[in-house]
Every structure is written in C-alpha cells, then in structure tokens.
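Worksheet for the structure shown next.
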Amino acid sequence: RFLPPGFRNLKFTHAFPAFIGYWVMLEQSLTFYAEGYENDDIASLYVSEGEDVRAEEYYKKALTFYETAAEAGNITAMNEAGLYYRNGRGTQADGEKAMDYYRKAADAGNYTSMSNIGVMYEYGNANVKEDTDKAYEWYKKAADAGNAKAMYYLGDLYYNGKYGKKGDDPDYNTARQWYEKAAENGYSGAYSSLGDMYRDGRGVDQDYEKALDYYMKGVALGNSGAMNKVGYFYDK
C-alpha cells in the first residue's frame, strides 16, 4: 500500500527496482529544485548590495537547476524557469520560452502559472503580444482554480477599464466583487484596493471608516501599500 500510483499492479521483481528508481528520481528532482532556490537566494543578496555581476552568476546557476528539475517533471520549477525567462534573470528575456514553461505547468494544473500567462498577455513581453481578452481568460482559469492573486488581477482589469464595459469605462462594481473574493482568499493587496474604493467613493458610497478598516486588514497581513495609506490617514 506504500507504493506510488502506477506501481501497485506490478510483480515484486518489477515493482521494487521501479519503486527505488521512482524515489531516486524524486530525490534528484527535489535536490535540483532546492539548489535552484539556494542560488536564487544568494543572487538576491548580491542584488540587494548592488553587485549585479555576482548576482547574475548565481541566477544562471539557479536557472540551470530549475530547468533540470522541470525536465524531471517538477511543476513548481517549470513556473520558476518561466519567471526567469520572462524577466531575463540569468539569461536573456525570452517570452516564448517563458510561455512554454508556464503552459507546461498550467497544463499540469498549476494555477500560479495560469495567472502568470495572464500577466504575459496583459502587459505583453518579448515575443508575446498584448491581448487583454487572453489575459482575462487565463486570470479567470486561475481564479476558478482558487488563485487569489488572479482574482485580484481580474479586479484590476475591471477597475482600470481594460475589460467589460464598452469604451474602456471602469466597471467598479465588478472590480469590487473580485477584490472581495481575493481578500476572502487571503490576498493582502485586495484589502488595500478595497480601501481605495471606499476612500475615493468609486463604485461605493465614500466611507473613510470602511476605508481605514480595509487598510488595517491589509496591514495585519503585512501589505506595505496598506501601511502607507494608514500612515497617510493618521498624518492628516
């Protein structure tokens, strides 16, 4: 009963070597992924000190590990490799490669990659044309799968008039609904955006008390934007 799925119907003489091979591959994949993170952390430290040249060396190493882990089937590593190619970290920016990694992870059910595909389409990237309709489609897939950040991005599309009403008019009511869903699912930035709506009276009656309440909820989750806005309230 301890065998992984797919191994249970094999005879022992076949199952045992396959079982050992399975765990060896899994261990190697996790090792690659962990080392990728380690190099990424080291690179981030160099970036914080302004040593971009040294940082690039570690980003390159991290990308190598992420790609190796991705080839072994590590879904999270696929997403990380996609981020590296999208942002040109440890390599030249390549929208096609980024999208390829994101799609592989998305096909495997990774909703973070679905959301990242949406970002690629919303803002465009090297080799990827801006397409708000496709951005909405991918954000919606991620949101339906439970991704709070994608819910927030959907709110932004409506709030900024990028989707919904004709003539690019903001749809504050729908934006608020998506921000509320994102907040309910723990996305701290959504509280800050809801606070803005009540502060400015956009799609709701202006209510400073509610605005401050939402900002404080964002602060409780560590959102720096909400902290800024609370400071502004008390400063006034």
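Identifiers in this document derive from the order of the structure tokens: chains are assigned A, B, ..., residues are numbered from 1 separately in each chain, and ligands are numbered from 1 in order of occurrence.
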Worksheet item: Quick one: residues within 10 Å of region 146-163 of chain A, only C-alpha atoms counted, chain neighbours fewer than 5 positions away excluded, as a PyMOL selection string?
Response: chain A and resi 110-112+114-116+118-119+122+132-133+135-141+168-191+193+197+202-203
Worksheet item: Using only C-alpha atoms, which residue out of A:Leu194, A:Lys97, A:Tyr66, A:Ala108 lies closest to Asp207 (chain A)?
Response: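 Using only C-alpha atoms, the shortest distance to Asp207 (chain A) belongs to A:Leu194.
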Item to complete: Using only C-alpha atoms, pick whichever of A:Ser192, A:Asn79, A:Thr64, A:Asn223 has the shortest atom-to-atom distance to Gly36 (chain A).
Response: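 Distance minimum relative to Gly36 (chain A) lands on A:Thr64.
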Worksheet entry | Per-residue DSSP, region 67-167 of chain A, filtered to helix (DSSP H, G or I), as a ChimeraX atom specification | /A:67-71,75-87,95-107,111-123,132-144,148-159,166-167
Neighbouring residues of Gly82 (chain A) were defined as those with any atom within 9 Å, considering only C-alpha atoms; residues of the same chain fewer than 2 positions away were excluded. Please report them as an mmCIF file with all heavy atoms, in the first residue's frame.
data_model
loop_
_atom_site.group_PDB
_atom_site.id
_atom_site.type_symbol
_atom_site.label_atom_id
_atom_site.label_comp_id
_atom_site.auth_asym_id
_atom_site.auth_seq_id
_atom_site.Cartn_x
_atom_site.Cartn_y
_atom_site.Cartn_z
ATOM 1 N N ALA A 77 9.075 24.092 -10.453
ATOM 2 C CA ALA A 77 10.308 24.504 -11.130
ATOM 3 C C ALA A 77 10.008 25.011 -12.543
ATOM 4 O O ALA A 77 10.683 25.916 -13.042
ATOM 5 C CB ALA A 77 11.298 23.344 -11.187
ATOM 6 N N MET A 78 8.990 24.451 -13.196
ATOM 7 C CA MET A 78 8.588 24.946 -14.516
ATOM 8 C C MET A 78 8.170 26.406 -14.416
ATOM 9 O O MET A 78 8.537 27.246 -15.251
ATOM 10 C CB MET A 78 7.418 24.117 -15.059
ATOM 11 C CG MET A 78 7.735 22.668 -15.361
ATOM 12 S SD MET A 78 6.209 21.765 -15.809
ATOM 13 C CE MET A 78 6.773 20.063 -15.676
ATOM 14 N N ASN A 79 7.399 26.703 -13.384
ATOM 15 C CA ASN A 79 6.941 28.070 -13.187
ATOM 16 C C ASN A 79 8.114 29.002 -12.905
ATOM 17 O O ASN A 79 8.186 30.127 -13.431
ATOM 18 C CB ASN A 79 5.929 28.135 -12.040
ATOM 19 C CG ASN A 79 5.387 29.535 -11.830
ATOM 20 O OD1 ASN A 79 4.697 30.079 -12.691
ATOM 21 N ND2 ASN A 79 5.694 30.116 -10.697
ATOM 22 N N GLU A 80 9.056 28.543 -12.062
ATOM 23 C CA GLU A 80 10.228 29.365 -11.735
ATOM 24 C C GLU A 80 11.074 29.634 -12.980
ATOM 25 O O GLU A 80 11.543 30.752 -13.203
ATOM 26 C CB GLU A 80 11.080 28.666 -10.672
ATOM 27 C CG GLU A 80 10.437 28.571 -9.304
ATOM 28 C CD GLU A 80 10.220 29.926 -8.656
ATOM 29 O OE1 GLU A 80 11.015 30.850 -8.925
ATOM 30 O OE2 GLU A 80 9.252 30.061 -7.892
ATOM 31 N N TYR A 84 12.100 33.266 -14.806
ATOM 32 C CA TYR A 84 13.462 33.664 -15.160
ATOM 33 C C TYR A 84 13.537 34.121 -16.611
ATOM 34 O O TYR A 84 14.163 35.131 -16.932
ATOM 35 C CB TYR A 84 14.434 32.508 -14.904
ATOM 36 C CG TYR A 84 15.012 32.512 -13.511
ATOM 37 C CD1 TYR A 84 14.181 32.562 -12.397
ATOM 38 C CD2 TYR A 84 16.384 32.476 -13.299
ATOM 39 C CE1 TYR A 84 14.694 32.576 -11.122
ATOM 40 C CE2 TYR A 84 16.913 32.478 -12.024
ATOM 41 C CZ TYR A 84 16.062 32.531 -10.930
ATOM 42 O OH TYR A 84 16.588 32.554 -9.667
ATOM 43 N N TYR A 85 12.897 33.391 -17.503
ATOM 44 C CA TYR A 85 12.921 33.772 -18.920
ATOM 45 C C TYR A 85 12.079 35.021 -19.172
ATOM 46 O O TYR A 85 12.415 35.844 -20.017
ATOM 47 C CB TYR A 85 12.445 32.614 -19.801
ATOM 48 C CG TYR A 85 13.551 31.617 -20.082
ATOM 49 C CD1 TYR A 85 13.556 30.366 -19.480
ATOM 50 C CD2 TYR A 85 14.604 31.945 -20.932
ATOM 51 C CE1 TYR A 85 14.587 29.454 -19.728
ATOM 52 C CE2 TYR A 85 15.631 31.045 -21.179
ATOM 53 C CZ TYR A 85 15.620 29.809 -20.584
ATOM 54 O OH TYR A 85 16.649 28.923 -20.826
ATOM 55 N N ARG A 86 11.001 35.169 -18.419
ATOM 56 C CA ARG A 86 10.170 36.361 -18.603
ATOM 57 C C ARG A 86 10.911 37.628 -18.196
ATOM 58 O O ARG A 86 10.860 38.650 -18.875
ATOM 59 C CB ARG A 86 8.881 36.240 -17.768
ATOM 60 C CG ARG A 86 7.899 37.385 -18.012
ATOM 61 C CD ARG A 86 6.677 37.247 -17.138
ATOM 62 N NE ARG A 86 6.851 37.886 -15.845
ATOM 63 C CZ ARG A 86 6.010 37.765 -14.827
ATOM 64 N NH1 ARG A 86 4.963 36.981 -14.934
ATOM 65 N NH2 ARG A 86 6.221 38.390 -13.691
ATOM 66 N N ASN A 87 11.622 37.534 -17.085
ATOM 67 C CA ASN A 87 12.295 38.714 -16.528
ATOM 68 C C ASN A 87 13.749 38.862 -16.970
ATOM 69 O O ASN A 87 14.414 39.820 -16.577
ATOM 70 C CB ASN A 87 12.223 38.674 -14.999
ATOM 71 C CG ASN A 87 10.803 38.712 -14.496
ATOM 72 O OD1 ASN A 87 9.960 39.394 -15.058
ATOM 73 N ND2 ASN A 87 10.522 37.968 -13.436
ATOM 74 N N GLY A 95 10.211 35.655 -24.155
ATOM 75 C CA GLY A 95 8.797 35.450 -23.882
ATOM 76 C C GLY A 95 8.293 34.095 -24.325
ATOM 77 O O GLY A 95 7.444 33.498 -23.659
ATOM 78 N N LYS A 97 9.987 31.200 -24.506
ATOM 79 C CA LYS A 97 10.428 30.151 -23.568
ATOM 80 C C LYS A 97 9.671 30.270 -22.250
ATOM 81 O O LYS A 97 9.294 29.259 -21.643
ATOM 82 C CB LYS A 97 11.933 30.259 -23.325
ATOM 83 C CG LYS A 97 12.782 29.610 -24.408
ATOM 84 C CD LYS A 97 14.226 29.477 -23.968
ATOM 85 C CE LYS A 97 15.038 28.709 -25.008
ATOM 86 N NZ LYS A 97 16.449 28.537 -24.588
ATOM 87 N N ALA A 98 9.471 31.510 -21.812
ATOM 88 C CA ALA A 98 8.717 31.720 -20.575
ATOM 89 C C ALA A 98 7.322 31.127 -20.711
ATOM 90 O O ALA A 98 6.842 30.391 -19.846
ATOM 91 C CB ALA A 98 8.633 33.203 -20.253
ATOM 92 N N MET A 99 6.670 31.447 -21.832
ATOM 93 C CA MET A 99 5.319 30.966 -22.065
ATOM 94 C C MET A 99 5.287 29.439 -22.171
ATOM 95 O O MET A 99 4.354 28.787 -21.689
ATOM 96 C CB MET A 99 4.763 31.595 -23.340
ATOM 97 C CG MET A 99 3.281 31.383 -23.528
ATOM 98 S SD MET A 99 2.272 32.252 -22.298
ATOM 99 C CE MET A 99 2.125 33.860 -23.078
ATOM 100 N N ASP A 100 6.319 28.863 -22.780
ATOM 101 C CA ASP A 100 6.395 27.413 -22.915
ATOM 102 C C ASP A 100 6.429 26.742 -21.546
ATOM 103 O O ASP A 100 5.690 25.779 -21.297
ATOM 104 C CB ASP A 100 7.632 27.022 -23.719
ATOM 105 C CG ASP A 100 7.713 25.512 -23.964
ATOM 106 O OD1 ASP A 100 6.724 24.940 -24.451
ATOM 107 O OD2 ASP A 100 8.753 24.910 -23.651
ATOM 108 N N TYR A 101 7.255 27.262 -20.627
ATOM 109 C CA TYR A 101 7.325 26.697 -19.277
ATOM 110 C C TYR A 101 6.017 26.916 -18.519
ATOM 111 O O TYR A 101 5.519 26.014 -17.828
ATOM 112 C CB TYR A 101 8.493 27.300 -18.499
ATOM 113 C CG TYR A 101 9.808 26.615 -18.759
ATOM 114 C CD1 TYR A 101 10.872 27.298 -19.358
ATOM 115 C CD2 TYR A 101 10.009 25.284 -18.409
ATOM 116 C CE1 TYR A 101 12.091 26.670 -19.593
ATOM 117 C CE2 TYR A 101 11.213 24.647 -18.637
ATOM 118 C CZ TYR A 101 12.246 25.340 -19.230
ATOM 119 O OH TYR A 101 13.449 24.711 -19.466
ATOM 120 N N TYR A 102 5.457 28.122 -18.652
ATOM 121 C CA TYR A 102 4.192 28.406 -17.972
ATOM 122 C C TYR A 102 3.080 27.468 -18.447
ATOM 123 O O TYR A 102 2.294 26.962 -17.646
ATOM 124 C CB TYR A 102 3.760 29.850 -18.242
ATOM 125 C CG TYR A 102 4.524 30.899 -17.482
ATOM 126 C CD1 TYR A 102 4.649 32.196 -17.993
ATOM 127 C CD2 TYR A 102 5.107 30.635 -16.244
ATOM 128 C CE1 TYR A 102 5.330 33.181 -17.307
ATOM 129 C CE2 TYR A 102 5.791 31.618 -15.543
ATOM 130 C CZ TYR A 102 5.899 32.888 -16.077
ATOM 131 O OH TYR A 102 6.577 33.878 -15.391
ATOM 132 N N SER A 113 0.982 29.468 -12.578
ATOM 133 C CA SER A 113 1.412 29.631 -13.970
ATOM 134 C C SER A 113 0.280 30.145 -14.849
ATOM 135 O O SER A 113 0.505 30.934 -15.762
ATOM 136 C CB SER A 113 1.944 28.303 -14.522
ATOM 137 O OG SER A 113 3.202 28.001 -13.951
ATOM 138 N N ASN A 116 0.314 33.720 -14.317
ATOM 139 C CA ASN A 116 1.479 34.328 -14.956
ATOM 140 C C ASN A 116 1.304 34.445 -16.471
ATOM 141 O O ASN A 116 1.793 35.387 -17.092
ATOM 142 C CB ASN A 116 2.739 33.524 -14.632
ATOM 143 C CG ASN A 116 3.225 33.764 -13.221
ATOM 144 O OD1 ASN A 116 2.967 34.813 -12.639
ATOM 145 N ND2 ASN A 116 3.915 32.797 -12.642
#
Worksheet entry | Contacts of region 89-93 of chain A at 8 Å (only C-alpha atoms; same-chain gap of 5+ positions) as a ChimeraX atom specification | /A:56-63,84,126
Worksheet item: Quick one: of A:Tyr214, A:Tyr37, A:Tyr123, A:Tyr208, who's nearest to Met227 (chain A), counting only C-alpha atoms?
Response: A:Tyr214
Worksheet entry | Two-atom distance - CA of Asp107 (chain A), CA of Ile75 (chain A) (Å) |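 Computed distance, CA of Asp107 (chain A) to CA of Ile75 (chain A), equals 9.7 Å.
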Discussion item. Using only C-alpha atoms for the distances, tell me which of A:Asn125, A:Lys217, A:Glu51, A:Lys229 is nearest to Asp94 (chain A).
Written reply: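 The shortest atom-to-atom distance to Asp94 (chain A) comes from A:Asn125.
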